[in-house]
>>> print(open('protein.cif').read())   # mmCIF, C-alpha atoms
data_model
loop_
_atom_site.label_atom_id
_atom_site.label_comp_id
_atom_site.auth_asym_id
_atom_site.auth_seq_id
_atom_site.Cartn_x
_atom_site.Cartn_y
_atom_site.Cartn_z
CA MET A 236 143.38 -16.21 -11.91
CA LYS A 237 146.82 -16.02 -13.42
CA TYR A 238 149.44 -18.70 -13.87
CA TRP A 239 152.97 -18.52 -15.24
CA ALA A 240 156.17 -20.50 -15.45
CA THR A 241 158.23 -18.47 -12.98
CA THR A 242 157.16 -18.91 -9.36
CA ALA A 243 158.69 -18.92 -5.94
CA ARG A 244 157.76 -22.59 -5.56
CA ARG A 245 159.67 -23.47 -8.70
CA ALA A 246 162.70 -21.56 -7.48
CA SER A 247 162.81 -23.63 -4.30
CA LEU A 248 162.38 -26.84 -6.26
CA ARG A 249 165.32 -25.85 -8.43
CA ARG A 250 167.54 -25.34 -5.41
CA ALA A 251 166.66 -28.83 -4.26
CA ALA A 252 167.43 -30.36 -7.62
CA SER A 253 169.07 -33.77 -7.53
CA PHE A 254 169.03 -34.57 -11.20
CA LEU A 255 168.76 -32.85 -14.54
CA VAL A 256 165.71 -32.60 -16.74
CA PHE A 257 165.97 -31.86 -20.40
CA LEU A 258 163.46 -30.28 -22.73
CA ALA A 259 162.34 -32.54 -25.53
CA LEU A 260 164.10 -32.29 -28.83
CA LEU A 261 163.06 -33.39 -32.28
CA PRO A 262 162.23 -37.13 -32.09
CA SER A 263 162.76 -37.54 -35.83
CA ALA A 264 166.53 -37.09 -35.54
CA PRO A 265 167.70 -38.74 -32.30
CA SER A 266 171.24 -39.19 -33.52
CA GLN A 267 171.67 -35.40 -33.76
CA GLU A 268 169.98 -34.43 -30.51
CA THR A 269 171.88 -31.89 -28.46
CA VAL A 270 170.50 -30.79 -25.13
CA LEU A 271 171.11 -28.06 -22.59
CA ARG A 272 170.78 -28.85 -18.92
CA SER A 273 168.05 -27.27 -16.79
CA GLN A 274 168.65 -27.25 -13.05
CA ALA A 275 165.34 -28.67 -11.90
CA ASN A 276 163.96 -31.82 -10.35
CA VAL A 277 160.52 -31.20 -11.80
CA VAL A 278 159.07 -31.18 -15.29
CA LEU A 279 157.31 -27.88 -15.92
CA ILE A 280 154.31 -27.80 -18.24
CA PRO A 281 152.73 -24.42 -19.03
CA ALA A 282 149.26 -25.32 -20.31
CA LEU A 283 146.60 -23.27 -22.07
CA VAL A 284 143.05 -24.61 -22.00
CA LYS A 285 140.59 -23.52 -24.69
CA ASP A 286 136.94 -24.30 -25.24
CA GLN A 287 135.43 -25.27 -28.58
CA ARG A 288 135.15 -21.63 -29.68
CA GLY A 289 138.73 -20.83 -28.76
CA GLY A 290 137.89 -19.08 -25.51
CA ILE A 291 140.10 -19.54 -22.45
CA VAL A 292 138.92 -21.88 -19.70
CA TYR A 293 139.64 -20.52 -16.23
CA GLY A 294 139.18 -21.82 -12.70
CA LEU A 295 140.67 -25.29 -13.09
CA GLU A 296 142.58 -27.03 -10.31
CA ALA A 297 145.35 -29.61 -10.26
CA LYS A 298 142.80 -32.38 -9.74
CA ASP A 299 141.20 -31.48 -13.07
CA PHE A 300 144.31 -32.44 -15.04
CA ILE A 301 145.76 -35.80 -15.97
CA VAL A 302 149.46 -35.84 -16.85
CA GLN A 303 151.11 -39.00 -18.10
CA ASP A 304 154.84 -39.60 -18.43
CA ASP A 305 155.42 -42.41 -20.92
CA GLY A 306 151.89 -43.59 -20.23
CA VAL A 307 152.26 -43.54 -16.43
CA GLU A 308 149.99 -41.09 -14.61
CA GLN A 309 151.84 -38.59 -12.42
CA ALA A 310 150.98 -36.62 -9.28
CA VAL A 311 150.30 -33.13 -10.65
CA ARG A 312 150.97 -29.85 -8.90
CA LEU A 313 149.60 -26.48 -9.93
CA ASP A 314 151.64 -23.34 -9.20
CA GLU A 315 150.19 -19.84 -9.22
CA ALA A 316 152.14 -16.81 -10.38
CA PRO A 317 152.17 -13.68 -8.21
CA GLU A 318 149.62 -11.01 -9.12
CA GLY A 319 151.00 -8.31 -11.40
CA GLN A 320 154.04 -10.33 -12.42
CA PRO A 321 156.12 -8.18 -14.81
CA VAL A 322 156.72 -9.25 -18.41
CA SER A 323 159.93 -9.32 -20.44
CA LEU A 324 159.03 -9.57 -24.11
CA VAL A 325 161.26 -9.90 -27.17
CA VAL A 326 159.57 -9.10 -30.47
CA ALA A 327 161.55 -10.69 -33.33
CA ILE A 328 160.44 -9.51 -36.80
CA GLN A 329 161.62 -10.78 -40.15
CA LYS A 330 162.58 -8.05 -42.60
CA GLY A 331 164.25 -10.17 -45.29
CA ARG A 332 162.79 -11.78 -48.41
CA ARG A 333 159.12 -10.83 -48.97
CA ALA A 334 158.59 -9.67 -45.39
CA TYR A 335 158.44 -6.04 -46.55
CA TYR A 336 155.08 -6.75 -48.18
CA GLU A 337 153.80 -7.90 -44.79
CA PHE A 338 154.62 -4.64 -43.01
CA PRO A 339 151.27 -2.98 -43.93
CA ARG A 340 149.47 -5.96 -42.40
CA MET A 341 151.37 -5.43 -39.14
CA GLN A 342 150.51 -1.75 -38.64
CA GLY A 343 148.47 -2.56 -35.56
CA LEU A 344 151.46 -4.01 -33.70
CA ASN A 345 152.18 -0.75 -31.86
CA SER A 346 148.70 -0.45 -30.43
CA MET A 347 148.61 -4.15 -29.62
CA LEU A 348 151.65 -3.71 -27.37
CA ASP A 349 150.06 -0.78 -25.50
CA PRO A 350 148.32 -3.00 -22.88
CA LEU A 351 151.71 -4.34 -21.86
CA PHE A 352 153.37 -0.94 -21.60
CA SER A 353 150.39 0.47 -19.72
CA GLN A 354 151.19 -1.83 -16.81
CA GLY A 355 154.36 0.17 -16.21
CA THR A 356 156.45 -2.92 -15.53
CA ALA A 357 156.80 -4.50 -18.98
CA ARG A 358 160.15 -4.47 -20.72
CA VAL A 359 160.20 -4.95 -24.49
CA ALA A 360 163.12 -5.59 -26.84
CA LEU A 361 163.07 -5.55 -30.64
CA VAL A 362 165.04 -7.89 -32.93
CA GLU A 363 165.06 -7.61 -36.74
CA PHE A 364 166.46 -10.23 -39.08
CA ASP A 365 167.14 -11.15 -42.68
CA SER A 366 170.26 -13.19 -43.41
CA LYS A 367 171.70 -11.52 -40.31
CA VAL A 368 170.17 -10.85 -36.91
CA GLU A 369 170.22 -7.38 -35.36
CA LEU A 370 169.25 -6.21 -31.89
CA THR A 371 167.45 -3.02 -32.82
CA ARG A 372 166.39 -2.11 -29.28
CA ASN A 373 167.38 -3.72 -26.02
CA PHE A 374 164.83 -4.05 -23.22
CA THR A 375 163.05 -0.77 -22.50
CA LYS A 376 159.92 0.43 -20.70
CA ASP A 377 159.62 3.38 -23.11
CA ALA A 378 156.84 2.58 -25.56
CA SER A 379 157.77 5.54 -27.78
CA LEU A 380 161.16 4.01 -28.57
CA ILE A 381 159.64 0.71 -29.72
CA THR A 382 156.99 2.62 -31.70
CA ALA A 383 159.65 4.63 -33.50
CA ASP A 384 161.68 1.51 -34.26
CA LEU A 385 158.67 -0.30 -35.71
CA LYS A 386 157.79 2.68 -37.90
CA ASN A 387 161.35 2.67 -39.22
CA LEU A 388 161.36 -0.98 -40.38
CA GLN A 389 163.23 -1.30 -43.66
CA PRO A 390 163.31 -4.18 -46.17
CA GLY A 391 166.21 -6.58 -45.78
CA ASP A 392 168.11 -8.94 -48.06
CA GLU A 393 167.06 -12.34 -49.40
CA GLY A 394 167.68 -14.19 -46.15
CA ALA A 395 165.43 -15.19 -43.24
CA ALA A 396 167.59 -16.61 -40.45
CA THR A 397 164.67 -17.45 -38.18
CA LEU A 398 166.49 -19.90 -35.91
CA ASP A 399 169.35 -17.45 -35.42
CA ALA A 400 166.81 -14.78 -34.45
CA ILE A 401 165.21 -17.12 -31.94
CA ALA A 402 168.62 -17.98 -30.50
CA LEU A 403 169.52 -14.30 -30.00
CA SER A 404 166.12 -13.55 -28.48
CA VAL A 405 166.40 -16.42 -26.02
CA GLY A 406 169.84 -15.17 -25.02
CA LEU A 407 168.32 -11.79 -24.22
CA LEU A 408 165.56 -13.40 -22.16
CA GLN A 409 168.10 -15.45 -20.20
CA GLN A 410 169.60 -12.21 -18.90
CA GLU A 411 166.27 -11.02 -17.50
CA PRO A 412 165.51 -11.62 -13.79
CA GLU A 413 163.99 -15.02 -13.13
CA GLU A 414 160.90 -13.62 -11.45
CA ARG A 415 159.78 -11.97 -14.70
CA GLN A 416 157.58 -13.63 -17.30
CA ARG A 417 159.80 -14.35 -20.29
CA VAL A 418 158.06 -14.24 -23.65
CA LEU A 419 159.16 -14.35 -27.28
CA LEU A 420 156.87 -13.09 -30.04
CA LEU A 421 158.15 -14.21 -33.45
CA ILE A 422 156.74 -12.69 -36.64
CA SER A 423 158.16 -14.45 -39.66
CA GLU A 424 157.48 -16.62 -42.66
CA THR A 425 156.99 -20.33 -42.21
CA ARG A 426 160.45 -21.43 -43.37
CA ASP A 427 164.01 -20.69 -42.33
CA HIS A 428 166.54 -19.41 -44.86
CA GLY A 429 170.18 -19.26 -43.88
CA SER A 430 170.37 -19.89 -40.12
CA VAL A 431 173.51 -21.29 -38.56
CA ALA A 432 171.89 -22.35 -35.28
CA LYS A 433 170.54 -25.88 -34.96
CA THR A 434 166.87 -26.40 -34.22
CA GLU A 435 167.44 -28.77 -31.32
CA ASN A 436 169.84 -26.39 -29.57
CA VAL A 437 167.44 -23.46 -29.93
CA VAL A 438 164.51 -25.46 -28.56
CA ALA A 439 166.59 -26.63 -25.62
CA ALA A 440 167.67 -23.07 -24.86
CA ILE A 441 164.04 -21.95 -24.81
CA GLY A 442 163.29 -24.70 -22.32
CA GLN A 443 166.15 -23.61 -20.11
CA THR A 444 164.77 -20.08 -19.87
CA ASN A 445 161.21 -21.32 -19.33
CA ALA A 446 160.16 -18.87 -22.02
CA LEU A 447 157.05 -19.28 -24.14
CA MET A 448 157.16 -18.61 -27.85
CA TYR A 449 154.21 -17.18 -29.74
CA ALA A 450 154.63 -17.34 -33.51
CA LEU A 451 152.63 -15.25 -35.98
CA ALA A 452 153.62 -16.52 -39.41
CA PHE A 453 152.93 -15.65 -43.03
CA SER A 454 153.31 -17.74 -46.17
CA PRO A 455 155.22 -15.94 -48.95
CA ALA A 456 153.48 -18.05 -51.60
CA LEU A 457 149.99 -17.30 -50.27
CA SER A 458 150.79 -13.62 -49.71
CA ASN A 459 152.18 -13.28 -53.22
CA ILE A 460 149.01 -14.73 -54.74
CA LEU A 461 146.81 -12.44 -52.62
CA ASP A 462 148.91 -9.37 -53.43
CA THR A 463 148.83 -10.20 -57.13
CA GLY A 464 145.04 -10.29 -56.99
CA ARG A 465 144.97 -6.96 -55.16
CA GLY A 466 147.54 -5.41 -57.51
CA THR A 467 149.70 -4.28 -54.59
CA ASN A 468 152.92 -5.93 -55.73
CA LYS A 469 153.13 -4.80 -59.36
CA ASN A 470 156.91 -4.52 -59.19
CA GLU A 471 157.02 -8.30 -58.63
CA MET A 472 154.65 -9.13 -61.50
CA ASP A 473 155.76 -10.33 -64.92
CA GLU A 474 153.62 -10.38 -68.08
CA GLY A 475 152.34 -13.78 -66.99
CA ILE A 476 152.29 -15.80 -63.79
CA ASN A 477 155.49 -17.68 -63.16
CA PHE A 478 153.97 -21.08 -62.43
CA LEU A 479 157.34 -22.71 -61.93
CA ASP A 480 158.28 -20.14 -59.30
CA LEU A 481 154.93 -20.49 -57.53
CA ALA A 482 155.16 -24.28 -57.66
CA TYR A 483 158.63 -24.07 -56.14
CA ARG A 484 157.42 -21.78 -53.36
CA VAL A 485 154.46 -23.99 -52.57
CA ALA A 486 156.68 -27.10 -52.54
CA GLN A 487 159.14 -25.39 -50.22
CA ALA A 488 156.30 -24.21 -47.96
CA MET A 489 155.38 -27.85 -47.38
CA ARG A 490 158.75 -28.51 -45.84
CA LYS A 491 159.41 -28.21 -42.12
CA ASN A 492 157.69 -25.21 -40.52
CA ILE A 493 160.24 -23.90 -38.03
CA PRO A 494 158.02 -21.41 -36.11
CA SER A 495 155.24 -23.98 -35.72
CA ALA A 496 157.61 -26.74 -34.59
CA VAL A 497 159.39 -24.61 -32.00
CA ALA A 498 156.17 -23.06 -30.68
CA SER A 499 154.44 -26.39 -30.21
CA MET A 500 157.43 -28.09 -28.62
CA THR A 501 157.81 -25.29 -26.08
CA GLY A 502 154.12 -25.15 -25.17
CA GLY A 503 153.57 -21.90 -27.05
CA GLU A 504 151.16 -21.00 -29.83
CA TYR A 505 151.42 -20.73 -33.59
CA GLU A 506 149.02 -18.85 -35.87
CA LEU A 507 149.08 -18.00 -39.56
CA PHE A 508 147.93 -14.62 -40.88
CA ALA A 509 147.35 -13.32 -44.41
CA THR A 510 145.47 -10.08 -43.77
CA ARG A 511 145.77 -7.09 -41.46
CA LYS A 512 142.52 -8.02 -39.72
CA LYS A 513 143.73 -11.55 -39.07
CA PHE A 514 147.03 -10.21 -37.71
CA GLU A 515 145.19 -7.91 -35.30
CA VAL A 516 142.96 -10.76 -34.11
CA ARG A 517 145.98 -12.97 -33.48
CA MET A 518 147.80 -10.19 -31.63
CA THR A 519 144.75 -9.64 -29.42
CA ASP A 520 144.76 -13.36 -28.62
CA PHE A 521 148.44 -13.12 -27.78
CA THR A 522 147.98 -10.33 -25.24
CA ASN A 523 144.93 -12.04 -23.74
CA HIS A 524 146.73 -15.35 -23.32
CA LEU A 525 149.82 -13.95 -21.59
CA HIS A 526 148.41 -14.48 -18.10
CA SER A 527 146.06 -17.34 -18.88
CA ARG A 528 148.31 -20.39 -18.63
CA TYR A 529 148.21 -23.02 -15.93
CA LEU A 530 151.66 -23.94 -14.64
CA LEU A 531 151.55 -27.68 -14.11
CA SER A 532 154.48 -29.65 -12.77
CA PHE A 533 155.40 -33.14 -11.64
CA ALA A 534 158.48 -34.78 -10.18
CA PRO A 535 159.37 -38.01 -12.00
CA LYS A 536 160.95 -40.69 -9.81
CA ASN A 537 164.02 -42.40 -11.24
CA PRO A 538 163.19 -41.52 -14.87
CA HIS A 539 164.89 -43.56 -17.54
CA PRO A 540 167.44 -41.57 -19.55
CA GLY A 541 166.35 -40.22 -22.91
CA LEU A 542 163.07 -39.15 -24.41
CA HIS A 543 159.89 -39.10 -22.33
CA GLN A 544 156.50 -38.54 -23.91
CA ILE A 545 154.11 -36.32 -21.96
CA ARG A 546 150.36 -36.33 -22.42
CA VAL A 547 148.26 -33.65 -20.76
CA ARG A 548 144.46 -33.83 -20.75
CA LEU A 549 141.47 -33.00 -18.60
CA LYS A 550 139.60 -35.61 -16.57
CA ASP A 551 136.37 -34.14 -17.86
CA ALA A 552 137.43 -32.60 -21.14
CA GLY A 553 134.04 -31.96 -22.73
CA ASP A 554 134.81 -29.74 -25.71
CA ALA A 555 137.97 -28.27 -24.15
CA THR A 556 141.46 -28.56 -25.65
CA VAL A 557 144.76 -28.45 -23.75
CA LEU A 558 147.83 -26.91 -25.40
CA ALA A 559 150.95 -28.05 -23.58
CA ARG A 560 154.50 -29.30 -23.99
CA SER A 561 154.51 -32.87 -25.25
CA SER A 562 157.87 -34.31 -24.16
CA TYR A 563 161.12 -33.86 -22.25
CA TRP A 564 164.55 -35.46 -21.95
CA ALA A 565 166.11 -36.92 -18.82
CA GLU A 566 169.80 -37.54 -18.28
CA GLY A 567 170.99 -40.90 -17.08
CA ALA A 568 173.18 -41.42 -14.04
CA LYS A 569 176.89 -40.83 -14.60
#
>>> encode(input="protein.cif", output="structure tokens")
Amino acid sequence: MKYWATTARRASLRRAASFLVFLALLPSAPSQETVLRSQANVVLIPALVKDQRGGIVYGLEAKDFIVQDDGVEQAVRLDEAPEGQPVSLVVAIQKGRRAYYEFPRMQGLNSMLDPLFSQGTARVALVEFDSKVELTRNFTKDASLITADLKNLQPGDEGAATLDAIALSVGLLQQEPEERQRVLLLISETRDHGSVAKTENVVAAIGQTNALMYALAFSPALSNILDTGRGTNKNEMDEGINFLDLAYRVAQAMRKNIPSAVASMTGGEYELFATRKKFEVRMTDFTNHLHSRYLLSFAPKNPHPGLHQIRVRLKDAGDATVLARSSYWAEGAK
């Protein structure tokens, strides 16, 4: 069975909204939190359930889930998306910095998108970014246009404005009809370089659109080491290894991982790839998981303003794991 965030039930709940619910922002910087309002009187929690081997667990009901809001168990509802619900997908690809060396590892992207286009209802847009963000192709049902655009990817400058790319992509998804599944697929390195947008605002915007973000990320430091061993980046190689440069890259890679943070906070998924095979496996997972999420919801009664921690688990978990949004913000009475 198929579940998704946009349902007729949710639309009616929104119309009956009596207060505002906010998506959770970064708890580490409360003084800088900026939120966008979402017209809803329910907290929506798209949840993916996996078994120990990473397979998807189907057939669960609302009674199988336990959802706690600040430690207090809530009455959980489970909404079901209509069969054959159309998809609106934005593919945002980094072309700046070392991303050009990743292009050969992404050659299977065209074929991986074919299952979506074959449905006849999917609309796909393409965004490219380096220090600037460019809408290469607005939403289209024509697979040949996206294929041609992907084949024409060119290296960019030394920037990687990941947050700006996410912000533009979310803006595109906001313009899509509400009854469509809204999805963002981000392919980028693990760190942001040069964005103007603030993380908390971007995360809040994603929550407002009820979009899910899937992030397929690469590490420039790891890729550089692998390419050096393969001899496929000779134009980057000096007479000896630049240990200071590698140390700097590794140190920087340990800083905040923007794709991972945004994906996890929005209930999406984050995966790292370093080879073409790994990229293809992750893309297959992505297409398989599109219609595999349970849409849980609950209506908090008189929630205190500010940050609420959400915990989602199964009553009988066994070896299963639940991937779901972990928090939200509620506005106080004015």
>>> atom_distance(input="protein.cif", atom1="CA of Val405 in chain A", atom2="CA of Asp304 in chain A")
27.0 Å
>>> atom_distance(input="protein.cif", atom1="CA of Leu408 in chain A", atom2="CA of Thr356 in chain A")
15.4 Å
>>> atom_distance(input="protein.cif", atom1="CA of Val516 in chain A", atom2="CA of Lys386 in chain A")
20.4 Å
>>> resolve_selection(input="protein.cif", expression="the PyMOL selection byres ((chain A and resi 295-298) around 10)", output="JSON, numbers by chain")
{"A": [236, 284, 292, 293, 294, 299, 300, 301, 302, 310, 311, 312, 313, 314, 529, 530, 531, 532, 549, 550]}
>>> write_last_selection(input="protein.cif", atoms="C-alpha atoms", output="compact mmCIF listing (two decimals), keeping the file's coordinate frame")
# COMPACT_ATOMS: atom_id res chain seq x y z
CA MET A 236 143.38 -16.21 -11.91
CA VAL A 284 143.05 -24.61 -22.00
CA VAL A 292 138.92 -21.88 -19.70
CA TYR A 293 139.64 -20.52 -16.23
CA GLY A 294 139.18 -21.82 -12.70
CA ASP A 299 141.20 -31.48 -13.07
CA PHE A 300 144.31 -32.44 -15.04
CA ILE A 301 145.76 -35.80 -15.97
CA VAL A 302 149.46 -35.84 -16.85
CA ALA A 310 150.98 -36.62 -9.28
CA VAL A 311 150.30 -33.13 -10.65
CA ARG A 312 150.97 -29.85 -8.90
CA LEU A 313 149.60 -26.48 -9.93
CA ASP A 314 151.64 -23.34 -9.20
CA TYR A 529 148.21 -23.02 -15.93
CA LEU A 530 151.66 -23.94 -14.64
CA LEU A 531 151.55 -27.68 -14.11
CA SER A 532 154.48 -29.65 -12.77
CA LEU A 549 141.47 -33.00 -18.60
CA LYS A 550 139.60 -35.61 -16.57
>>> closest_residue(input="protein.cif", among="A:Val368, A:Gln303, A:Ala360, A:Met347", to="Leu380 in chain A", atoms="all atoms listed in the file")
A:Ala360
>>> residues_around(input="protein.cif", residues="Phe508 in chain A", least_positions_apart="3", cutoff="7 Å", atoms="only C-alpha atoms", output="list in words")
Leu451, Ala452, Phe453, Lys513 and Phe514 of chain A
>>> resolve_selection(input="protein.cif", expression="the PyMOL selection byres ((chain A and resi 371) around 6)", output="PyMOL selection string")
chain A and resi 361-362+369-370+372
>>> write_last_selection(input="protein.cif", atoms="C-alpha atoms", output="PDB file, in the coordinates of the input")
ATOM      1  CA  LEU A 361     163.070  -5.550 -30.640  1.00  0.00           C
ATOM      2  CA  VAL A 362     165.040  -7.890 -32.930  1.00  0.00           C
ATOM      3  CA  GLU A 369     170.220  -7.380 -35.360  1.00  0.00           C
ATOM      4  CA  LEU A 370     169.250  -6.210 -31.890  1.00  0.00           C
ATOM      5  CA  ARG A 372     166.390  -2.110 -29.280  1.00  0.00           C
TER       6      ARG A 372
END
>>> residues_around(input="protein.cif", residues="Asp349 in chain A", least_positions_apart="6", cutoff="12 Å", atoms="all atoms listed in the file", output="list in words")
Gly343, Gly355, Ala357, Arg358, Val359, Lys376, Asp377, Ala378, Ser379, Ile381, Thr382, Met518, Thr519 and Thr522 of chain A
>>> write_last_selection(input="protein.cif", atoms="C-alpha atoms", output="compact mmCIF listing (two decimals), in the coordinates of the input")
# COMPACT_ATOMS: atom_id res chain seq x y z
CA GLY A 343 148.47 -2.56 -35.56
CA GLY A 355 154.36 0.17 -16.21
CA ALA A 357 156.80 -4.50 -18.98
CA ARG A 358 160.15 -4.47 -20.72
CA VAL A 359 160.20 -4.95 -24.49
CA LYS A 376 159.92 0.43 -20.70
CA ASP A 377 159.62 3.38 -23.11
CA ALA A 378 156.84 2.58 -25.56
CA SER A 379 157.77 5.54 -27.78
CA ILE A 381 159.64 0.71 -29.72
CA THR A 382 156.99 2.62 -31.70
CA MET A 518 147.80 -10.19 -31.63
CA THR A 519 144.75 -9.64 -29.42
CA THR A 522 147.98 -10.33 -25.24
>>> resolve_selection(input="protein.cif", expression="the PyMOL selection byres ((chain A and resi 441) around 9)", output="PyMOL selection string")
chain A and resi 258+401-402+405-406+409+436-440+442-448+497+501
>>> closest_residue(input="protein.cif", among="A:Asp392, A:Asp384, A:Asp286, A:Glu414", to="Tyr335 in chain A", atoms="only C-alpha atoms")
A:Asp392
>>> closest_residue(input="protein.cif", among="A:Thr375, A:Ser454, A:Ser562, A:Asn537", to="Ser499 in chain A", atoms="only C-alpha atoms")
A:Ser562
>>> closest_residue(input="protein.cif", among="A:Asp520, A:Glu435, A:Asp551, A:Glu424", to="Leu507 in chain A", atoms="all atoms listed in the file")
A:Glu424
>>> closest_residue(input="protein.cif", among="A:Lys367, A:Arg528, A:Lys330, A:Lys512", to="Ala432 in chain A", atoms="only C-alpha atoms")
A:Lys367
>>> closest_residue(input="protein.cif", among="A:Glu363, A:Asp399, A:Asp554, A:Glu393", to="Ile328 in chain A", atoms="only C-alpha atoms")
A:Glu363
